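With compact mmCIF, C-alpha atoms inside, this is query_3.txt:
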```txt
# COMPACT_ATOMS: atom_id res chain seq x y z
CA ASP A 467 12.32 18.82 18.24
CA ALA A 468 9.90 16.56 16.46
CA PRO A 469 8.82 17.76 13.03
CA GLY A 470 5.31 19.10 12.95
CA LEU A 471 2.92 21.55 11.42
CA THR A 472 4.02 25.15 11.93
CA GLY A 473 1.91 28.14 12.81
CA ARG A 474 2.45 31.80 11.89
CA SER A 475 5.07 32.11 14.60
CA GLY A 476 7.16 29.43 12.87
CA ARG A 477 6.81 27.14 15.87
CA PRO A 478 5.06 23.78 15.46
CA VAL A 479 1.34 23.79 16.20
CA ILE A 480 1.37 20.00 16.47
CA ARG A 481 4.44 17.93 17.35
CA HIS A 482 3.81 14.46 16.00
CA ASN A 483 6.45 12.42 14.16
CA GLY A 484 3.89 10.01 12.72
CA LEU A 485 1.80 12.83 11.29
CA ALA A 486 4.85 14.54 9.82
CA ALA A 487 5.87 11.28 8.13
CA ALA A 488 2.31 10.70 6.88
CA VAL A 489 2.16 14.20 5.38
CA SER A 490 5.53 13.62 3.69
CA ARG A 491 4.26 10.32 2.20
CA LEU A 492 1.08 12.04 1.01
CA PHE A 493 3.08 14.79 -0.65
CA ALA A 494 5.33 12.21 -2.35
CA CYS A 495 2.28 10.28 -3.57
CA ILE A 496 0.53 13.27 -5.12
CA THR A 497 3.64 14.81 -6.67
CA SER A 498 5.12 11.62 -8.09
CA PRO A 499 5.26 11.41 -11.89
CA HIS A 500 3.94 7.85 -11.46
CA ALA A 501 1.11 8.90 -9.12
CA GLN A 502 -1.53 6.26 -8.47
CA PRO A 503 -4.92 7.46 -7.21
CA ASP A 504 -5.40 4.58 -4.76
CA ALA A 505 -2.00 5.18 -3.14
CA ALA A 506 -2.74 8.91 -2.80
CA GLU A 507 -6.17 8.19 -1.31
CA GLU A 508 -4.63 5.82 1.24
CA ALA A 509 -1.94 8.36 2.14
CA LEU A 510 -4.60 11.06 2.62
CA LEU A 511 -6.71 8.82 4.85
CA ILE A 512 -3.66 7.87 6.92
CA CYS A 513 -2.97 11.60 7.46
CA LEU A 514 -6.56 12.24 8.47
CA GLU A 515 -6.63 9.22 10.76
CA SER A 516 -3.43 10.43 12.39
CA VAL A 517 -4.92 13.87 13.01
CA PHE A 518 -8.32 12.68 14.22
CA GLY A 519 -7.09 9.53 15.94
CA HIS A 520 -4.45 11.26 18.05
CA HIS A 521 -5.90 14.73 18.37
CA ALA A 522 -9.56 14.00 19.03
CA MET A 523 -11.71 16.55 20.83
CA ASP A 524 -11.61 14.59 24.08
CA GLY A 525 -7.83 14.29 23.84
CA GLY A 526 -7.80 10.50 23.55
CA PRO A 527 -7.21 8.27 20.58
CA ILE A 528 -10.19 6.99 18.64
CA ARG A 529 -10.37 3.18 18.74
CA GLU A 530 -12.86 0.93 17.01
CA ALA A 531 -13.06 -2.84 17.03
CA VAL A 532 -12.91 -4.49 13.61
CA SER A 533 -13.53 -8.16 12.98
CA CYS A 534 -10.83 -10.20 11.28
CA PRO A 535 -13.29 -11.92 8.89
CA ALA A 536 -14.02 -8.53 7.29
CA ILE A 537 -10.35 -7.97 6.53
CA ASP A 538 -10.03 -11.56 5.34
CA ALA A 539 -12.70 -10.72 2.74
CA ALA A 540 -10.66 -7.72 1.57
CA LEU A 541 -7.52 -9.86 1.36
CA GLN A 542 -9.39 -12.48 -0.64
CA ARG A 543 -10.65 -9.84 -3.08
CA ILE A 544 -7.12 -8.51 -3.63
CA GLU A 545 -5.59 -11.96 -3.99
CA ASP A 546 -8.31 -13.24 -6.35
CA ALA A 547 -7.84 -10.38 -8.82
CA PRO A 548 -4.62 -8.45 -8.15
CA ASP A 549 -4.57 -7.30 -11.78
CA GLU A 550 -7.83 -5.40 -11.18
CA PRO A 551 -7.31 -2.19 -9.19
CA VAL A 552 -9.59 -1.92 -6.20
CA SER A 553 -10.56 1.27 -4.40
CA LEU A 554 -10.81 1.72 -0.67
CA ALA A 555 -14.49 2.47 -1.18
CA GLU A 556 -15.04 -0.90 -2.89
CA LEU A 557 -13.19 -2.78 -0.16
CA ALA A 558 -15.02 -0.84 2.54
CA VAL A 559 -18.41 -1.82 1.06
CA LEU A 560 -17.26 -5.43 0.74
CA CYS A 561 -16.23 -5.43 4.42
CA SER A 562 -19.16 -3.34 5.68
CA LEU A 563 -16.72 -0.82 7.16
CA SER A 564 -15.95 2.83 6.59
CA ARG A 565 -12.81 3.58 4.59
CA PHE A 566 -11.10 4.73 7.79
CA GLN A 567 -12.07 1.57 9.69
CA LEU A 568 -10.93 -0.57 6.78
CA LEU A 569 -7.58 1.15 6.50
CA ARG A 570 -6.86 0.90 10.24
CA ALA A 571 -8.00 -2.73 10.55
CA PHE A 572 -6.22 -3.77 7.37
CA ALA A 573 -2.96 -2.22 8.57
CA ARG A 574 -3.43 -3.77 12.02
CA GLN A 575 -3.89 -7.25 10.51
CA THR A 576 -1.35 -7.10 7.66
CA GLY A 577 1.06 -4.36 8.67
CA THR A 578 0.44 -2.45 5.46
CA THR A 579 -2.24 -0.68 3.41
CA PRO A 580 -4.46 -2.39 0.81
CA HIS A 581 -2.61 -0.67 -2.05
CA ALA A 582 0.80 -1.75 -0.74
CA TYR A 583 -0.49 -5.27 -0.06
CA ARG A 584 -1.82 -5.54 -3.62
CA LEU A 585 1.51 -4.37 -5.04
CA GLN A 586 3.43 -6.84 -2.86
CA TRP A 587 1.08 -9.63 -3.95
CA MET A 588 1.67 -8.73 -7.62
CA VAL A 589 5.45 -8.75 -7.11
CA ARG A 590 5.28 -12.18 -5.47
CA MET A 591 3.20 -13.45 -8.40
CA ALA A 592 5.73 -12.02 -10.86
CA ARG A 593 8.52 -13.76 -8.94
CA ARG A 594 6.68 -17.10 -9.25
CA HIS A 595 6.23 -16.56 -13.00
CA LEU A 596 9.92 -15.69 -13.43
CA ARG A 597 10.91 -18.81 -11.48
CA SER A 598 8.72 -20.82 -13.87
CA GLY A 599 10.70 -19.49 -16.82
CA TYR A 600 8.42 -16.79 -18.24
CA ALA A 601 9.95 -13.81 -19.99
CA LEU A 602 10.04 -10.54 -18.04
CA ALA A 603 7.31 -8.83 -20.07
CA ASP A 604 5.04 -11.89 -19.85
CA ALA A 605 5.58 -12.22 -16.09
CA ALA A 606 4.75 -8.53 -15.66
CA LEU A 607 1.49 -8.79 -17.58
CA MET A 608 0.46 -12.07 -15.95
CA ALA A 609 1.05 -10.57 -12.50
CA GLY A 610 -1.13 -7.56 -13.32
CA PHE A 611 1.47 -4.86 -13.93
CA ALA A 612 0.82 -2.26 -16.61
CA ASP A 613 4.23 -2.91 -18.12
CA GLN A 614 7.63 -4.42 -17.47
CA SER A 615 9.16 -1.20 -16.10
CA HIS A 616 6.41 -0.92 -13.47
CA MET A 617 7.15 -4.50 -12.38
CA THR A 618 10.89 -3.82 -12.36
CA ARG A 619 10.56 -0.79 -10.05
CA ALA A 620 8.27 -2.64 -7.63
CA PHE A 621 10.31 -5.85 -7.75
CA GLN A 622 13.58 -4.07 -7.08
CA ARG A 623 12.05 -2.05 -4.23
CA GLN A 624 10.68 -5.23 -2.59
CA PHE A 625 13.53 -7.67 -3.18
CA GLY A 626 16.55 -5.43 -3.78
CA ILE A 627 17.33 -7.08 -7.12
CA THR A 628 16.03 -6.54 -10.64
CA PRO A 629 13.65 -9.16 -12.06
CA GLY A 630 16.17 -9.93 -14.82
CA ARG A 631 18.95 -10.69 -12.36
CA TYR A 632 16.54 -12.72 -10.22
CA ARG A 633 15.42 -14.75 -13.24
CA ALA A 634 19.01 -15.37 -14.31
CA ALA A 635 19.91 -16.49 -10.78
CA VAL A 636 17.06 -18.98 -10.34
CA LEU A 637 16.89 -20.53 -13.80
CA PRO A 638 19.39 -23.17 -14.81
CA GLN A 639 21.79 -22.01 -17.51
```
The structure given in the file should be rewritten as structure tokens.
Amino acid sequence: DAPGLTGRSGRPVIRHNGLAAAVSRLFACITSPHAQPDAAEEALLICLESVFGHHAMDGGPIREAVSCPAIDAALQRIEDAPDEPVSLAELAVLCSLSRFQLLRAFARQTGTTPHAYRLQWMVRMARRHLRSGYALADAALMAGFADQSHMTRAFQRQFGITPGRYRAAVLPQ
């Protein structure tokens, strides 16, 4: 049986693996000791989109066309200032889309959410700084991380190696 939302009988009211996974991600985002509001907002919108997109009143999925230039503007905003947090609302206004439209189109074009994209962009910037010889703390700050430990967690999650080991491996001894 697919995980789902259960009713009073204990049986699932909705059987939807994607929704179950989205609810689990939302719960993890809001209960994390390192909770970030933009990640929680994205997780909530993904849950809502899953519910409304797949369980619409007419029974069919909700589909809306989104132009690529709008998402390109959001990408440019994130890449120009990754050290400045950006809300879905700000990106939506920039793209002239609703937050739901933005999130769906952004994920369709990039394969990820704006928050995750921004974090990945910051990690790639940190990697470039480390390759250039900067100290870990300096690379973290230059890439827009709040501190070195935040960069280390994100770096290790993305590349499977700590920034210190990466730096030691790429810099000549």
Using only C-alpha atoms, what does the table of range 573-637 of chain A residues within 12 Å of range 488-510 of chain A look like, with each row giving the shortest atom pair and its distance in Å to one decimal, sorted by chain and ascending number, as a tab-separated table?
```
residue	atom	partner	partner_atom	distance
A:Ala573	CA	A:Glu508	CA	11.0
A:Thr578	CA	A:Glu508	CA	10.6
A:Thr579	CA	A:Glu508	CA	7.3
A:Pro580	CA	A:Glu508	CA	8.2
A:His581	CA	A:Ala505	CA	6.0
A:Ala582	CA	A:Ala505	CA	7.9
A:Tyr583	CA	A:Ala505	CA	11.0
A:Arg584	CA	A:Ala505	CA	10.7
A:Leu585	CA	A:Ala505	CA	10.4
A:Ala612	CA	A:His500	CA	11.8
A:Ser615	CA	A:His500	CA	11.4
A:His616	CA	A:His500	CA	9.3
A:Arg619	CA	A:His500	CA	11.0
A:Ala620	CA	A:His500	CA	12.0
```
Nearest to Glu515 in chain A: which of A:Ala539, A:Leu569, A:Ile544, A:Leu596 is it, counting only C-alpha atoms?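 Checking each candidate against Glu515 in chain A, we get A:Leu569 as the closest.
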Surrounding residues of Glu556 in chain A excluding itself and chain neighbours under 3 positions, 10 Å, all atoms listed in the file, as a VMD selection string: chain A and resid 540 543 552 to 553 559 to 562 565
Here is a test: counting all atoms listed in the file, which residue of A:Pro548, A:Pro638, A:Leu514, A:Asn483 is nearest to Val589 in chain A?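 The answer is A:Pro548, which sits nearest to Val589 in chain A.
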Return as JSON the box centre and box size in Å, one decimal, for an axis-aligned box around all listed atoms of range 541-547 of chain A padded by 4 Å per side.
```
{"center_x": -8.1, "center_y": -10.9, "center_z": -3.7, "size_x": 13.1, "size_y": 12.7, "size_z": 18.2}
```
Do you have the CA of Gln542 in chain A-CA of Gln575 in chain A distance handy? 13.5 Å
Atomic distance CA of Tyr632 in chain A - CA of Leu602 in chain A, expressed in Å with one decimal: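 It comes out at 10.4 Å.
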For the point (-11.5, -1.4, 8.0) in the file's frame, write as a compact mmCIF listing (two decimals) with C-alpha atoms, keeping the file's coordinate frame all residues with an atom no more than 10 Å away, counting all atoms listed in the file.
```txt
# COMPACT_ATOMS: atom_id res chain seq x y z
CA GLU A 530 -12.86 0.93 17.01
CA ALA A 531 -13.06 -2.84 17.03
CA VAL A 532 -12.91 -4.49 13.61
CA SER A 533 -13.53 -8.16 12.98
CA CYS A 534 -10.83 -10.20 11.28
CA ALA A 536 -14.02 -8.53 7.29
CA ILE A 537 -10.35 -7.97 6.53
CA ALA A 540 -10.66 -7.72 1.57
CA LEU A 554 -10.81 1.72 -0.67
CA LEU A 557 -13.19 -2.78 -0.16
CA ALA A 558 -15.02 -0.84 2.54
CA VAL A 559 -18.41 -1.82 1.06
CA CYS A 561 -16.23 -5.43 4.42
CA SER A 562 -19.16 -3.34 5.68
CA LEU A 563 -16.72 -0.82 7.16
CA SER A 564 -15.95 2.83 6.59
CA ARG A 565 -12.81 3.58 4.59
CA PHE A 566 -11.10 4.73 7.79
CA GLN A 567 -12.07 1.57 9.69
CA LEU A 568 -10.93 -0.57 6.78
CA LEU A 569 -7.58 1.15 6.50
CA ARG A 570 -6.86 0.90 10.24
CA ALA A 571 -8.00 -2.73 10.55
CA PHE A 572 -6.22 -3.77 7.37
CA ALA A 573 -2.96 -2.22 8.57
CA ARG A 574 -3.43 -3.77 12.02
CA GLN A 575 -3.89 -7.25 10.51
```
Take CA of Phe621 in chain A and CA of Ala487 in chain A and report the distance between them in Å, one decimal.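 So the answer is 23.8 Å.
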For Cys513 in chain A, which of A:Pro535, A:Gly484, A:Gly599, A:Gly626 is the closest residue, counting all atoms listed in the file?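 Looking at the shortest contact to Cys513 in chain A, the residue is A:Gly484.
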Can you pull out every residue within 12 Å of Gly630 in chain A, counting all atoms listed in the file, but drop anything in the same chain fewer than 2 positions away, and send it as a list of chain:residue names? A:Ala592, A:Arg593, A:Leu596, A:Arg597, A:Gly599, A:Tyr600, A:Ala601, A:Leu602, A:Ala603, A:Ala605, A:Ala606, A:Gln614, A:Ser615, A:Met617, A:Thr618, A:Arg619, A:Phe621, A:Gln622, A:Gly626, A:Ile627, A:Thr628, A:Tyr632, A:Arg633, A:Ala634, A:Ala635, A:Val636, A:Leu637
Distance criterion (all atoms listed in the file): nearest to Met591 in chain A out of A:Asp613, A:Asp549, A:Ala555, A:Gln639: A:Asp549
Which of these, A:Asp538, A:Arg631, A:Gln586, A:Thr576, has the shortest distance to Ala609 in chain A once you count only C-alpha atoms?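 Among the listed residues, A:Gln586 lies closest to Ala609 in chain A.
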Give the answer as one residue: which of A:Leu511, A:Gln624, A:Glu550, A:Pro629 has the shortest atom-to-atom distance to His595 in chain A, using only C-alpha atoms? A:Pro629
